[in-house]
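S.K.: Input file: upload30.txt. Contents: compact mmCIF, C-alpha atoms.
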```txt
# COMPACT_ATOMS: atom_id res chain seq x y z
CA GLU A 16 85.37 99.60 90.15
CA ALA A 17 82.30 100.95 91.94
CA CYS A 18 84.15 103.98 93.32
CA GLY A 19 85.73 104.83 89.95
CA LEU A 20 89.38 104.04 90.64
CA ASN A 21 89.81 102.22 87.31
CA ARG A 22 88.45 105.00 85.10
CA ASN A 23 90.48 105.90 81.96
CA TRP A 24 92.73 102.85 82.31
CA PRO A 25 95.64 102.75 81.47
CA GLU A 26 96.01 106.49 80.95
CA GLY A 27 98.04 108.25 83.64
CA ARG A 28 99.33 104.98 85.06
CA GLY A 29 102.89 103.74 85.15
CA ILE A 30 105.66 102.10 87.12
CA PHE A 31 109.19 103.13 88.02
CA HIS A 32 111.80 100.64 89.15
CA ASN A 33 115.45 101.09 89.99
CA ASN A 34 118.17 99.24 88.12
CA ASP A 35 118.43 96.55 90.83
CA LYS A 36 114.62 96.14 90.96
CA THR A 37 114.68 96.61 94.73
CA PHE A 38 112.65 99.83 94.61
CA LEU A 39 109.39 100.55 92.75
CA VAL A 40 106.82 103.32 92.44
CA TRP A 41 103.38 102.45 91.06
CA VAL A 42 101.49 105.53 89.85
CA ASN A 43 97.71 106.01 90.04
CA GLU A 44 96.59 102.72 91.48
CA GLU A 45 94.17 102.92 94.44
CA ASP A 46 96.38 105.68 95.80
CA GLN A 47 98.37 107.96 93.54
CA LEU A 48 101.70 106.52 94.63
CA ARG A 49 102.52 103.08 95.96
CA ILE A 50 106.17 103.28 96.96
CA ILE A 51 107.85 99.91 97.53
CA SER A 52 111.26 98.83 98.81
CA MET A 53 112.10 95.12 98.77
CA GLN A 54 114.88 92.59 98.50
CA PRO A 55 115.64 88.93 99.16
CA GLY A 56 116.70 88.04 102.67
CA ALA A 57 116.20 89.47 106.13
CA ASP A 58 117.75 92.97 106.17
CA ILE A 59 114.70 94.93 107.39
CA GLY A 60 116.80 97.99 108.24
CA ALA A 61 118.21 98.29 104.72
CA VAL A 62 114.77 97.96 103.14
CA PHE A 63 113.25 100.68 105.35
CA THR A 64 116.24 102.99 104.90
CA ARG A 65 115.87 102.82 101.11
CA LEU A 66 112.14 103.52 101.39
CA SER A 67 112.63 106.44 103.76
CA LYS A 68 115.21 108.14 101.54
CA ALA A 69 113.04 107.66 98.45
CA CYS A 70 109.91 109.12 100.09
CA SER A 71 111.88 112.15 101.26
CA HIS A 72 113.20 112.69 97.73
CA ILE A 73 109.77 112.44 96.09
CA GLU A 74 108.21 114.83 98.58
CA GLY A 75 110.86 117.38 97.67
CA VAL A 76 109.11 117.59 94.29
CA ALA A 77 105.49 116.78 95.14
CA ARG A 78 104.05 117.39 98.63
CA PHE A 79 102.06 114.52 100.11
CA ALA A 80 98.54 114.95 101.51
CA HIS A 81 98.82 114.83 105.32
CA ASP A 82 97.22 116.26 108.44
CA ASP A 83 97.84 116.02 112.18
CA HIS A 84 94.71 113.98 112.89
CA LEU A 85 94.65 111.38 110.09
CA GLY A 86 98.30 111.33 109.06
CA TYR A 87 98.82 110.53 105.37
CA ILE A 88 95.50 110.80 103.53
CA THR A 89 94.36 107.75 101.54
CA SER A 90 91.25 106.91 99.54
CA CYS A 91 90.47 103.89 101.74
CA PRO A 92 90.08 104.68 105.46
CA THR A 93 91.88 101.44 106.44
CA ASN A 94 95.21 102.85 105.23
CA LEU A 95 95.05 106.26 106.93
CA GLY A 96 97.97 107.27 109.12
CA THR A 97 101.11 105.64 107.82
CA ALA A 98 99.59 103.73 104.86
CA LEU A 99 102.53 101.41 105.55
CA ARG A 100 102.78 97.64 105.28
CA ALA A 101 106.06 96.03 106.32
CA SER A 102 106.33 92.30 105.72
CA VAL A 103 108.62 89.31 105.44
CA HIS A 104 108.07 85.89 103.92
CA ILE A 105 109.29 83.37 106.45
CA ALA A 106 109.33 79.59 106.77
CA LEU A 107 107.71 78.49 110.06
CA PRO A 108 106.61 74.85 109.62
CA LYS A 109 106.54 73.91 113.31
CA LEU A 110 104.79 77.04 114.56
CA GLY A 111 102.46 77.01 111.57
CA ALA A 112 101.20 73.60 112.67
CA ARG A 113 100.12 75.16 115.99
CA MET A 114 97.91 77.92 114.63
CA GLU A 115 96.34 78.93 117.93
CA GLU A 116 99.77 79.56 119.46
CA PHE A 117 100.96 81.19 116.22
CA GLN A 118 98.02 83.64 116.30
CA LYS A 119 98.60 84.42 119.98
CA ILE A 120 102.15 85.58 119.21
CA ALA A 121 100.85 87.63 116.27
CA ASP A 122 98.26 89.34 118.48
CA GLU A 123 100.83 90.10 121.17
CA PHE A 124 103.08 91.93 118.70
CA ASN A 125 100.34 93.54 116.58
CA VAL A 126 101.20 91.65 113.42
CA GLN A 127 99.06 89.60 111.05
CA ILE A 128 99.58 86.24 109.40
CA ARG A 129 98.78 85.65 105.73
CA GLY A 130 99.65 83.26 102.95
CA ILE A 131 102.32 84.50 100.57
CA HIS A 132 99.76 85.28 97.84
CA GLY A 133 97.93 87.93 99.87
CA GLU A 134 94.98 88.27 102.20
CA HIS A 135 92.90 85.10 102.67
CA SER A 136 95.46 82.95 100.79
CA GLU A 137 96.91 79.75 102.22
CA SER A 138 100.53 79.17 103.17
CA ALA A 139 102.72 77.55 100.50
CA ASP A 140 105.41 75.13 101.73
CA HIS A 141 104.95 76.45 105.30
CA VAL A 142 106.05 79.97 104.24
CA TYR A 143 103.98 82.80 105.76
CA ASP A 144 103.66 86.52 105.14
CA ILE A 145 104.03 88.38 108.46
CA SER A 146 103.21 92.09 108.50
CA ASN A 147 102.24 94.96 110.82
CA ARG A 148 98.54 95.18 111.61
CA ARG A 149 98.32 98.79 112.81
CA ARG A 150 98.31 101.87 110.56
CA LEU A 151 96.94 104.97 112.33
CA GLY A 152 98.08 106.55 115.60
CA ARG A 153 101.63 105.17 115.48
CA SER A 154 104.63 106.17 113.40
CA GLU A 155 106.19 104.32 110.49
CA VAL A 156 109.19 103.48 112.67
CA ASP A 157 106.86 101.99 115.30
CA LEU A 158 105.13 99.75 112.76
CA VAL A 159 108.32 98.42 111.20
CA GLN A 160 109.52 97.74 114.75
CA ASP A 161 106.25 95.84 115.43
CA MET A 162 106.98 93.58 112.48
CA TYR A 163 110.61 93.01 113.44
CA ASN A 164 109.74 92.20 117.06
CA GLY A 165 106.94 89.85 116.05
CA VAL A 166 109.12 87.98 113.56
CA LYS A 167 111.89 87.69 116.13
CA ALA A 168 109.48 86.14 118.66
CA MET A 169 108.14 83.73 116.05
CA ILE A 170 111.63 82.61 115.10
CA GLU A 171 112.48 81.97 118.75
CA ARG A 172 109.37 79.85 119.22
CA GLU A 173 109.96 77.96 115.95
CA LYS A 174 113.42 77.01 117.19
CA GLU A 175 112.04 75.90 120.56
CA LEU A 176 109.67 73.60 118.70
CA GLY A 177 112.52 72.05 116.78
CA GLY A 178 112.25 74.06 113.59
CA GLY A 179 114.87 76.29 112.05
CA ALA A 180 116.62 77.06 108.90
CA ALA A 181 77.00 90.12 113.16
CA PRO A 182 76.44 93.76 113.19
CA ALA A 183 73.09 95.47 113.65
CA GLN A 184 71.07 96.19 110.50
CA ALA A 185 70.54 99.74 109.31
CA ALA A 186 67.56 101.43 110.86
CA ALA A 187 64.21 100.78 109.22
CA ALA A 188 62.82 103.40 106.87
CA SER A 189 59.71 103.96 104.86
CA VAL A 190 59.63 101.93 101.63
CA GLU A 191 59.93 104.93 99.33
CA GLU A 192 63.10 106.12 101.13
CA GLU A 193 65.16 102.96 101.22
CA VAL A 194 66.92 100.88 98.61
CA LYS A 195 68.12 97.31 98.72
CA ALA A 196 71.93 97.04 98.72
CA GLY A 197 73.53 94.83 96.09
CA PRO A 198 75.21 94.60 92.67
CA HIS A 199 72.23 96.18 90.88
CA LEU A 200 73.46 99.56 92.20
CA LYS A 201 75.72 100.69 89.37
CA LYS A 202 76.16 104.42 89.97
CA PRO A 203 75.73 106.86 92.87
CA GLU A 204 72.37 108.03 91.54
CA ASP A 205 71.01 104.50 91.95
CA ILE A 206 71.18 104.95 95.73
CA THR A 207 67.77 106.58 95.91
CA GLY A 208 67.28 105.98 99.63
CA LEU A 209 68.90 104.58 102.75
CA PRO A 210 70.67 101.34 101.71
CA VAL A 211 69.23 98.27 103.42
CA PHE A 212 71.75 95.44 103.71
CA PRO A 213 71.03 91.69 103.67
CA ALA A 214 71.31 89.70 106.89
CA GLY A 215 74.91 88.79 107.68
CA THR A 216 76.47 91.88 106.11
CA LYS A 217 79.57 92.68 108.17
CA SER A 218 80.86 95.92 106.68
CA LEU A 219 81.47 98.97 108.84
CA LEU A 220 79.26 100.88 106.41
CA CYS A 221 76.35 98.58 107.26
CA LYS A 222 77.09 98.87 110.95
CA ASN A 223 77.20 102.67 111.05
CA LEU A 224 74.99 104.06 108.28
CA ASP A 225 71.75 104.71 110.11
CA ARG A 226 68.76 106.90 109.25
CA ALA A 227 70.15 109.96 111.05
CA ILE A 228 73.50 109.87 109.22
CA TRP A 229 71.81 109.18 105.88
CA ASP A 230 69.45 112.13 106.26
CA GLN A 231 72.34 114.38 107.28
CA LEU A 232 74.74 113.43 104.47
CA LYS A 233 72.73 112.01 101.55
CA ASP A 234 72.89 115.17 99.43
CA LYS A 235 76.32 116.40 100.51
CA GLN A 236 79.48 116.70 98.42
CA ASP A 237 83.06 117.33 99.46
CA SER A 238 85.07 120.33 98.25
CA CYS A 239 86.07 118.46 95.07
CA GLY A 240 82.47 117.66 94.13
CA PHE A 241 82.62 114.00 95.20
CA SER A 242 79.23 112.98 96.57
CA PHE A 243 78.36 111.05 99.72
CA ARG A 244 76.50 108.55 97.54
CA GLY A 245 79.69 108.08 95.55
CA ALA A 246 81.63 107.51 98.76
CA ILE A 247 79.32 104.67 99.87
CA LEU A 248 78.60 103.13 96.44
CA SER A 249 81.31 100.47 96.73
CA GLY A 250 79.93 99.16 100.02
CA ALA A 251 76.30 99.47 98.95
CA GLN A 252 77.03 97.53 95.76
CA ASN A 253 79.44 94.95 97.21
CA VAL A 254 77.79 93.72 100.39
CA ASP A 255 80.79 91.48 101.19
CA SER A 256 83.01 94.56 101.70
CA GLY A 257 84.83 94.86 105.01
CA ILE A 258 84.67 98.66 105.12
CA GLY A 259 82.47 99.93 102.29
CA VAL A 260 83.49 103.58 101.88
CA TYR A 261 86.05 105.55 99.87
CA ALA A 262 87.17 109.17 100.06
CA GLY A 263 87.14 111.34 96.95
CA CYS A 264 89.61 113.85 98.35
CA HIS A 265 91.13 114.97 101.65
CA ASP A 266 87.99 116.94 102.47
CA SER A 267 85.80 113.80 102.30
CA TYR A 268 86.93 112.96 105.82
CA ASP A 269 85.55 116.31 107.04
CA ALA A 270 82.50 116.62 104.79
CA PHE A 271 81.32 113.10 105.66
CA ALA A 272 82.66 113.13 109.23
CA PRO A 273 79.52 111.74 110.95
CA LEU A 274 80.15 108.44 109.15
CA MET A 275 83.91 108.60 108.57
CA ASP A 276 84.74 109.35 112.22
CA LYS A 277 82.84 106.26 113.40
CA ILE A 278 84.49 103.97 110.85
CA ILE A 279 87.98 105.30 111.57
CA GLU A 280 87.57 104.90 115.33
CA GLN A 281 86.18 101.36 115.04
CA TYR A 282 88.83 100.20 112.55
CA HIS A 283 91.89 101.97 113.96
CA GLY A 284 90.91 102.78 117.56
CA HIS A 285 91.71 106.40 116.69
CA GLY A 286 89.20 108.93 118.07
CA LYS A 287 88.17 112.09 116.23
CA ASN A 288 90.36 114.28 118.49
CA ALA A 289 93.42 112.00 118.40
CA ARG A 290 96.65 113.10 116.71
CA HIS A 291 98.83 111.08 114.36
CA VAL A 292 102.61 111.66 114.33
CA SER A 293 104.55 110.44 111.30
CA ASP A 294 108.20 109.46 111.54
CA MET A 295 110.24 107.92 108.71
CA ASP A 296 113.63 108.38 110.45
CA PHE A 297 115.36 105.08 109.72
CA THR A 298 118.05 105.80 112.33
CA LYS A 299 115.47 105.22 115.08
CA LEU A 300 114.85 101.60 114.11
CA GLN A 301 116.19 99.00 116.51
CA CYS A 302 116.44 96.08 114.11
CA PRO A 303 119.90 94.52 114.45
CA PRO A 304 120.72 91.87 111.84
CA PHE A 305 119.32 88.42 112.63
CA PRO A 306 121.90 85.71 113.32
CA ALA A 307 122.71 83.77 110.14
CA GLU A 308 120.70 80.73 111.28
CA ASP A 309 117.61 82.89 111.89
CA ALA A 310 118.05 85.02 108.77
CA ALA A 311 118.07 81.85 106.65
CA MET A 312 114.41 81.31 107.59
CA ILE A 313 113.40 84.66 106.03
CA LYS A 314 112.98 84.46 102.26
CA SER A 315 112.35 88.15 101.50
CA THR A 316 111.49 91.54 103.01
CA ARG A 317 109.14 94.15 101.58
CA ILE A 318 107.97 97.52 102.94
CA ARG A 319 105.59 99.80 101.06
CA VAL A 320 103.64 102.97 101.69
CA GLY A 321 100.72 104.59 99.90
CA ARG A 322 100.83 108.33 99.29
CA ASN A 323 98.65 110.95 97.57
CA LEU A 324 99.62 114.42 96.43
CA ALA A 325 98.27 117.34 98.43
CA GLU A 326 97.24 119.46 95.43
CA PHE A 327 94.95 116.84 93.85
CA PRO A 328 91.75 114.98 94.79
CA LEU A 329 92.03 111.27 95.62
CA GLY A 330 91.56 108.49 93.06
CA PRO A 331 87.76 108.20 93.25
CA GLY A 332 87.32 111.97 92.71
CA ILE A 333 90.07 112.72 90.21
CA THR A 334 89.76 113.74 86.54
CA LYS A 335 91.69 112.28 83.61
CA GLU A 336 93.66 115.51 83.27
CA GLN A 337 94.60 115.52 86.95
CA ARG A 338 95.69 111.88 86.76
CA ASN A 339 98.01 112.72 83.86
CA ALA A 340 99.41 115.70 85.78
CA ILE A 341 100.19 113.42 88.73
CA GLU A 342 102.06 111.03 86.46
CA GLN A 343 104.14 113.93 85.11
CA LYS A 344 104.98 115.09 88.66
CA VAL A 345 106.07 111.60 89.69
CA VAL A 346 108.18 111.18 86.53
CA GLN A 347 109.88 114.48 87.39
CA ALA A 348 110.77 113.15 90.84
CA CYS A 349 111.85 109.70 89.63
CA ASN A 350 114.08 111.11 86.89
CA THR A 351 116.23 112.79 89.55
CA PHE A 352 116.90 109.70 91.66
CA GLN A 353 120.60 108.92 92.04
CA GLY A 354 122.70 106.03 93.29
CA GLU A 355 120.86 102.83 94.16
CA LEU A 356 117.47 104.50 93.49
CA GLU A 357 118.30 105.41 89.88
CA GLY A 358 116.17 103.62 87.30
CA THR A 359 113.51 103.89 84.59
CA PHE A 360 109.85 104.95 84.44
CA TYR A 361 107.45 103.07 82.18
CA SER A 362 104.08 104.59 81.26
CA LEU A 363 101.43 101.89 80.85
CA SER A 364 99.83 103.71 77.92
CA SER A 365 103.05 103.56 75.87
CA MET A 366 104.72 100.35 77.05
CA THR A 367 105.79 97.90 74.35
CA PRO A 368 104.96 94.17 74.60
CA GLU A 369 108.62 93.53 75.37
CA GLN A 370 108.58 96.00 78.29
CA SER A 371 105.38 94.57 79.78
```
Represent the structure contained in this file as C-alpha cells.
M.R.:
Amino acid sequence: EACGLNRNWPEGRGIFHNNDKTFLVWVNEEDQLRIISMQPGADIGAVFTRLSKACSHIEGVARFAHDDHLGYITSCPTNLGTALRASVHIALPKLGARMEEFQKIADEFNVQIRGIHGEHSESADHVYDISNRRRLGRSEVDLVQDMYNGVKAMIEREKELGGGAAPAQAAAASVEEEVKAGPHLKKPEDITGLPVFPAGTKSLLCKNLDRAIWDQLKDKQDSCGFSFRGAILSGAQNVDSGIGVYAGCHDSYDAFAPLMDKIIEQYHGHGKNARHVSDMDFTKLQCPPFPAEDAAMIKSTRIRVGRNLAEFPLGPGITKEQRNAIEQKVVQACNTFQGELEGTFYSLSSMTPEQS
C-alpha cells in the first residue's frame, strides 16, 4: 500500500486461466504479470515446459523488461533475475520431525522450507512447501533444477527414516534533518529527513541508508518521475519490512544505485558488475519422473514467474492509463493461446458475482 501498488483497484487488473486451470496469468499485481503453471502430482518437467512455452508466446506480443546485469526487472529487488519460484507440496512427516537435519538438506540444495499457506506459515498434516531460494545470477533452468534436486534428496532421507508414501542503526543526524520511521509516514513528502529506525529494525533499508546516501539521493527521481522518497516509503513506514524499497521503473535501479546496488548484493550475492543470464529452455532440465512410490509423496507442483513490460514503468510508478494499456496488451497475447494454453480472460472490473 505504501508504495502505491494498490492504486485504482480493481481497474486494469484481471486473470486469465486455461480450460484445464493448470495455467494462469494475473495482471497488474505487484508485478504486471504473474505467470503460473501448476498441476497435481510430481511432474516438474511438464509444469516448467508449459510455463516456458507460455512466456515465449506472451513475449512475442509484449516485450519483457530485462537487462544483462539484473535479468528480468521487478518492482521488488528480491525478485530480480529470474523472478521465478518453483515449488512442490510434499509430505515429509519423518524428516519434518528432525528440523535441524531438514534445514541442513535445504541449505545444501539452495531451497527453502515453508508451510503450505505461504511464508511463515506452519506445516499442515506434515506437508511442506519446498521451493528454490535463489533468484539472481542463475538461470530459470538452474533454479528449477535446484528444487528438483533438493526434493529428491529429501525424499531419499524420508525413506531412510522410515517414511514414504541486528543491523547497525542509520547514522545520526541533526534533529531538523531526520524523521522517525513508522506508520505515521503516509506519503513520500512526509519523509522530511533521514529516516531513523527503532532498535531491532532488520530491514536492508535500515542497514544501508546512511547520511551519505540520503544526502546524495533524497531529491532524486528516476526517468519516470518516481522519487527516491517514494522508493523507500514502504520500508520507512513499515519498520518490520525485510527489504524496505521498491522500484518505480527499470531506471530506478540506476537512478538510486548507491542504495540499490548494496541491497541487491547483500540479498542476492550479485555484485554491481555481475551479469545475469536467463534461460527458459525446458529441454535442458534433468528432472526424470520420480518413481511411483516417491511421486506419491508429492501432492502438487507449481512454478511461477513475475514479469513486467519493457515499455511501461513498474507498478509503484505507473498511471491508471498505463495500467489499462498493459491489461489490453496481455489480453491480446492470451486471446491467441492455442492447445492446452487456450482459455478465458476475466477483467476484475467487469467480473460478475458468479465468475468471482
S.K.: In Å, how far is it from atom CA of A:Arg149 to atom CA of A:Thr298?
M.R.: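 Going from atom CA of A:Arg149 over to atom CA of A:Thr298, I get 20.9 Å.
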S.K.: Would you be able to write out as a VMD selection string which residues have an atom within 12 Å of (104.7, 115.6, 89.2) in the file's coordinates, counting only C-alpha atoms?
M.R.: chain A and resid 27 42 to 43 47 to 48 73 to 79 323 to 327 337 to 351
S.K.: Using the selection just defined, write its residues with C-alpha atoms as a PDB file, keeping the file's coordinate frame.
M.R.:
```
ATOM      1  CA  GLY A  27      98.040 108.250  83.640  1.00  0.00           C
ATOM      2  CA  VAL A  42     101.490 105.530  89.850  1.00  0.00           C
ATOM      3  CA  ASN A  43      97.710 106.010  90.040  1.00  0.00           C
ATOM      4  CA  GLN A  47      98.370 107.960  93.540  1.00  0.00           C
ATOM      5  CA  LEU A  48     101.700 106.520  94.630  1.00  0.00           C
ATOM      6  CA  ILE A  73     109.770 112.440  96.090  1.00  0.00           C
ATOM      7  CA  GLU A  74     108.210 114.830  98.580  1.00  0.00           C
ATOM      8  CA  GLY A  75     110.860 117.380  97.670  1.00  0.00           C
ATOM      9  CA  VAL A  76     109.110 117.590  94.290  1.00  0.00           C
ATOM     10  CA  ALA A  77     105.490 116.780  95.140  1.00  0.00           C
ATOM     11  CA  ARG A  78     104.050 117.390  98.630  1.00  0.00           C
ATOM     12  CA  PHE A  79     102.060 114.520 100.110  1.00  0.00           C
ATOM     13  CA  ASN A 323      98.650 110.950  97.570  1.00  0.00           C
ATOM     14  CA  LEU A 324      99.620 114.420  96.430  1.00  0.00           C
ATOM     15  CA  ALA A 325      98.270 117.340  98.430  1.00  0.00           C
ATOM     16  CA  GLU A 326      97.240 119.460  95.430  1.00  0.00           C
ATOM     17  CA  PHE A 327      94.950 116.840  93.850  1.00  0.00           C
ATOM     18  CA  GLN A 337      94.600 115.520  86.950  1.00  0.00           C
ATOM     19  CA  ARG A 338      95.690 111.880  86.760  1.00  0.00           C
ATOM     20  CA  ASN A 339      98.010 112.720  83.860  1.00  0.00           C
ATOM     21  CA  ALA A 340      99.410 115.700  85.780  1.00  0.00           C
ATOM     22  CA  ILE A 341     100.190 113.420  88.730  1.00  0.00           C
ATOM     23  CA  GLU A 342     102.060 111.030  86.460  1.00  0.00           C
ATOM     24  CA  GLN A 343     104.140 113.930  85.110  1.00  0.00           C
ATOM     25  CA  LYS A 344     104.980 115.090  88.660  1.00  0.00           C
ATOM     26  CA  VAL A 345     106.070 111.600  89.690  1.00  0.00           C
ATOM     27  CA  VAL A 346     108.180 111.180  86.530  1.00  0.00           C
ATOM     28  CA  GLN A 347     109.880 114.480  87.390  1.00  0.00           C
ATOM     29  CA  ALA A 348     110.770 113.150  90.840  1.00  0.00           C
ATOM     30  CA  CYS A 349     111.850 109.700  89.630  1.00  0.00           C
ATOM     31  CA  ASN A 350     114.080 111.110  86.890  1.00  0.00           C
ATOM     32  CA  THR A 351     116.230 112.790  89.550  1.00  0.00           C
TER      33      THR A 351
END
```
S.K.: Every residue with an atom at most 10 Å from (118.9, 82.1, 107.1) (file coordinates; all atoms listed in the file) is what I'm after, so could you write them as a VMD selection string?
M.R.: chain A and resid 56 to 57 105 to 106 179 to 180 305 to 314
S.K.: Could the residues of stretch 279-341 of chain A that have an atom at most 12 Å from stretch 231-241 of chain A be listed as a Markdown table, each with its closest atom pair and the distance in Å to one decimal, counting all atoms listed in the file and ordered by chain and ascending residue number?
M.R.:
```
| residue | atom | partner | partner_atom | distance |
| --- | --- | --- | --- | --- |
| A:Glu326 | CA | A:Cys239 | CA | 11.2 |
| A:Phe327 | CA | A:Cys239 | CA | 9.1 |
| A:Pro328 | CA | A:Cys239 | CA | 6.7 |
| A:Leu329 | CA | A:Cys239 | CA | 9.4 |
| A:Gly330 | CA | A:Phe241 | CA | 10.7 |
| A:Pro331 | CA | A:Phe241 | CA | 8.0 |
| A:Gly332 | CA | A:Phe241 | CA | 5.7 |
| A:Ile333 | CA | A:Cys239 | CA | 8.5 |
| A:Thr334 | CA | A:Cys239 | CA | 10.4 |
```
S.K.: In Å to one decimal, how far is atom CA of A:Gly111 from atom CA of A:Glu173?
M.R.: 8.7 Å
S.K.: Figure out the distance between atom CA of A:Trp41 and atom CA of A:His141, please, to one decimal in Å.
M.R.: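 Computing it gives 29.7 Å between the two atoms.
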S.K.: With all atoms listed in the file as the counted atoms, please give the residues lying no more than 7 Å from A:Gly86, apart from itself and same-chain residues fewer than 4 positions off, as a ChimeraX atom specification.
M.R.: /A:81-82,95-97,291-293
S.K.: Nearest to A:Tyr143: which of A:Ser365, A:Ser90, A:Ser102, A:Asn34 is it, counting all atoms listed in the file?
M.R.: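 Looking only at the distances to A:Tyr143, the closest residue turns out to be A:Ser102.
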S.K.: Using only C-alpha atoms, which residue out of A:Leu220, A:Ala272, A:Val40, A:Leu151 lies closest to A:Thr93?
M.R.: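 Nearest candidate to A:Thr93 out of A:Leu220, A:Ala272, A:Val40, A:Leu151: A:Leu151.
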S.K.: I'd like the contact shell of A:Arg65 - 10 Å cut-off, all atoms listed in the file, skipping same-chain residues fewer than 5 positions apart - returned as a VMD selection string.
M.R.: chain A and resid 37 to 38 51 to 53 60 70 297 318 355 to 356
S.K.: Grab the residues selected above and save them as a PDB file, keeping the file's coordinate frame with C-alpha atoms.
M.R.:
```pdb
ATOM      1  CA  THR A  37     114.680  96.610  94.730  1.00  0.00           C
ATOM      2  CA  PHE A  38     112.650  99.830  94.610  1.00  0.00           C
ATOM      3  CA  ILE A  51     107.850  99.910  97.530  1.00  0.00           C
ATOM      4  CA  SER A  52     111.260  98.830  98.810  1.00  0.00           C
ATOM      5  CA  MET A  53     112.100  95.120  98.770  1.00  0.00           C
ATOM      6  CA  GLY A  60     116.800  97.990 108.240  1.00  0.00           C
ATOM      7  CA  CYS A  70     109.910 109.120 100.090  1.00  0.00           C
ATOM      8  CA  PHE A 297     115.360 105.080 109.720  1.00  0.00           C
ATOM      9  CA  ILE A 318     107.970  97.520 102.940  1.00  0.00           C
ATOM     10  CA  GLU A 355     120.860 102.830  94.160  1.00  0.00           C
ATOM     11  CA  LEU A 356     117.470 104.500  93.490  1.00  0.00           C
TER      12      LEU A 356
END
```
S.K.: When distances are computed from only C-alpha atoms, which of A:Asp294, A:Glu116, A:Glu45, A:Asp122 shows the smallest separation from A:Ser154?
M.R.: A:Asp294
S.K.: Smallest atom-to-atom distance to A:Thr89: which of A:Pro213, A:Pro273, A:Gly354, A:Gly263, using only C-alpha atoms?
M.R.: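 Of all the options, A:Gly263 lies closest to A:Thr89.
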S.K.: A:Trp229: which residues within 12 Å, counting all atoms listed in the file, same-chain residues fewer than 2 positions away excluded, as a PyMOL selection string?
M.R.: chain A and resi 185-188+192-193+206-211+220-221+223-227+231-235+243-244+247+271+273-274
S.K.: Quick one: residues within 7 Å of A:Phe124, only C-alpha atoms counted, chain neighbours fewer than 2 positions away excluded, as an MDAnalysis selection string?
M.R.: chainID A and resid 120:122 126 161 164:165
S.K.: Restore N, CA and C atoms in stretch 138-150 of chain A and list the result as a PDB file, in the frame of the given file.
M.R.:
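The resulting file, result.pdb, is reproduced below:
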```pdb
ATOM      1  N   SER A 138      99.078  79.264 103.182  1.00  0.00           N
ATOM      2  CA  SER A 138     100.530  79.170 103.170  1.00  0.00           C
ATOM      3  C   SER A 138     100.975  78.184 102.095  1.00  0.00           C
ATOM      4  N   ALA A 139     102.112  78.466 101.467  1.00  0.00           N
ATOM      5  CA  ALA A 139     102.720  77.550 100.500  1.00  0.00           C
ATOM      6  C   ALA A 139     104.038  77.053 101.068  1.00  0.00           C
ATOM      7  N   ASP A 140     104.170  75.740 101.207  1.00  0.00           N
ATOM      8  CA  ASP A 140     105.410  75.130 101.730  1.00  0.00           C
ATOM      9  C   ASP A 140     105.766  75.704 103.104  1.00  0.00           C
ATOM     10  N   HIS A 141     104.765  75.968 103.922  1.00  0.00           N
ATOM     11  CA  HIS A 141     104.950  76.450 105.300  1.00  0.00           C
ATOM     12  C   HIS A 141     105.606  77.830 105.361  1.00  0.00           C
ATOM     13  N   VAL A 142     105.527  78.593 104.260  1.00  0.00           N
ATOM     14  CA  VAL A 142     106.050  79.970 104.240  1.00  0.00           C
ATOM     15  C   VAL A 142     104.879  80.926 104.453  1.00  0.00           C
ATOM     16  N   TYR A 143     105.044  81.864 105.393  1.00  0.00           N
ATOM     17  CA  TYR A 143     103.980  82.800 105.760  1.00  0.00           C
ATOM     18  C   TYR A 143     104.418  84.237 105.517  1.00  0.00           C
ATOM     19  N   ASP A 144     103.448  85.075 105.238  1.00  0.00           N
ATOM     20  CA  ASP A 144     103.660  86.520 105.140  1.00  0.00           C
ATOM     21  C   ASP A 144     103.281  87.125 106.492  1.00  0.00           C
ATOM     22  N   ILE A 145     104.245  87.744 107.152  1.00  0.00           N
ATOM     23  CA  ILE A 145     104.030  88.380 108.460  1.00  0.00           C
ATOM     24  C   ILE A 145     104.181  89.879 108.290  1.00  0.00           C
ATOM     25  N   SER A 146     103.171  90.641 108.697  1.00  0.00           N
ATOM     26  CA  SER A 146     103.210  92.090 108.500  1.00  0.00           C
ATOM     27  C   SER A 146     102.583  92.813 109.686  1.00  0.00           C
ATOM     28  N   ASN A 147     102.861  94.123 109.779  1.00  0.00           N
ATOM     29  CA  ASN A 147     102.240  94.960 110.820  1.00  0.00           C
ATOM     30  C   ASN A 147     100.736  95.038 110.607  1.00  0.00           C
ATOM     31  N   ARG A 148      99.993  95.086 111.700  1.00  0.00           N
ATOM     32  CA  ARG A 148      98.540  95.180 111.610  1.00  0.00           C
ATOM     33  C   ARG A 148      98.053  96.615 111.759  1.00  0.00           C
ATOM     34  N   ARG A 149      98.773  97.434 112.508  1.00  0.00           N
ATOM     35  CA  ARG A 149      98.320  98.790 112.810  1.00  0.00           C
ATOM     36  C   ARG A 149      98.733  99.749 111.687  1.00  0.00           C
ATOM     37  N   ARG A 150      97.999 100.849 111.556  1.00  0.00           N
ATOM     38  CA  ARG A 150      98.310 101.870 110.560  1.00  0.00           C
ATOM     39  C   ARG A 150      98.286 103.282 111.151  1.00  0.00           C
TER      40      ARG A 150
END
```
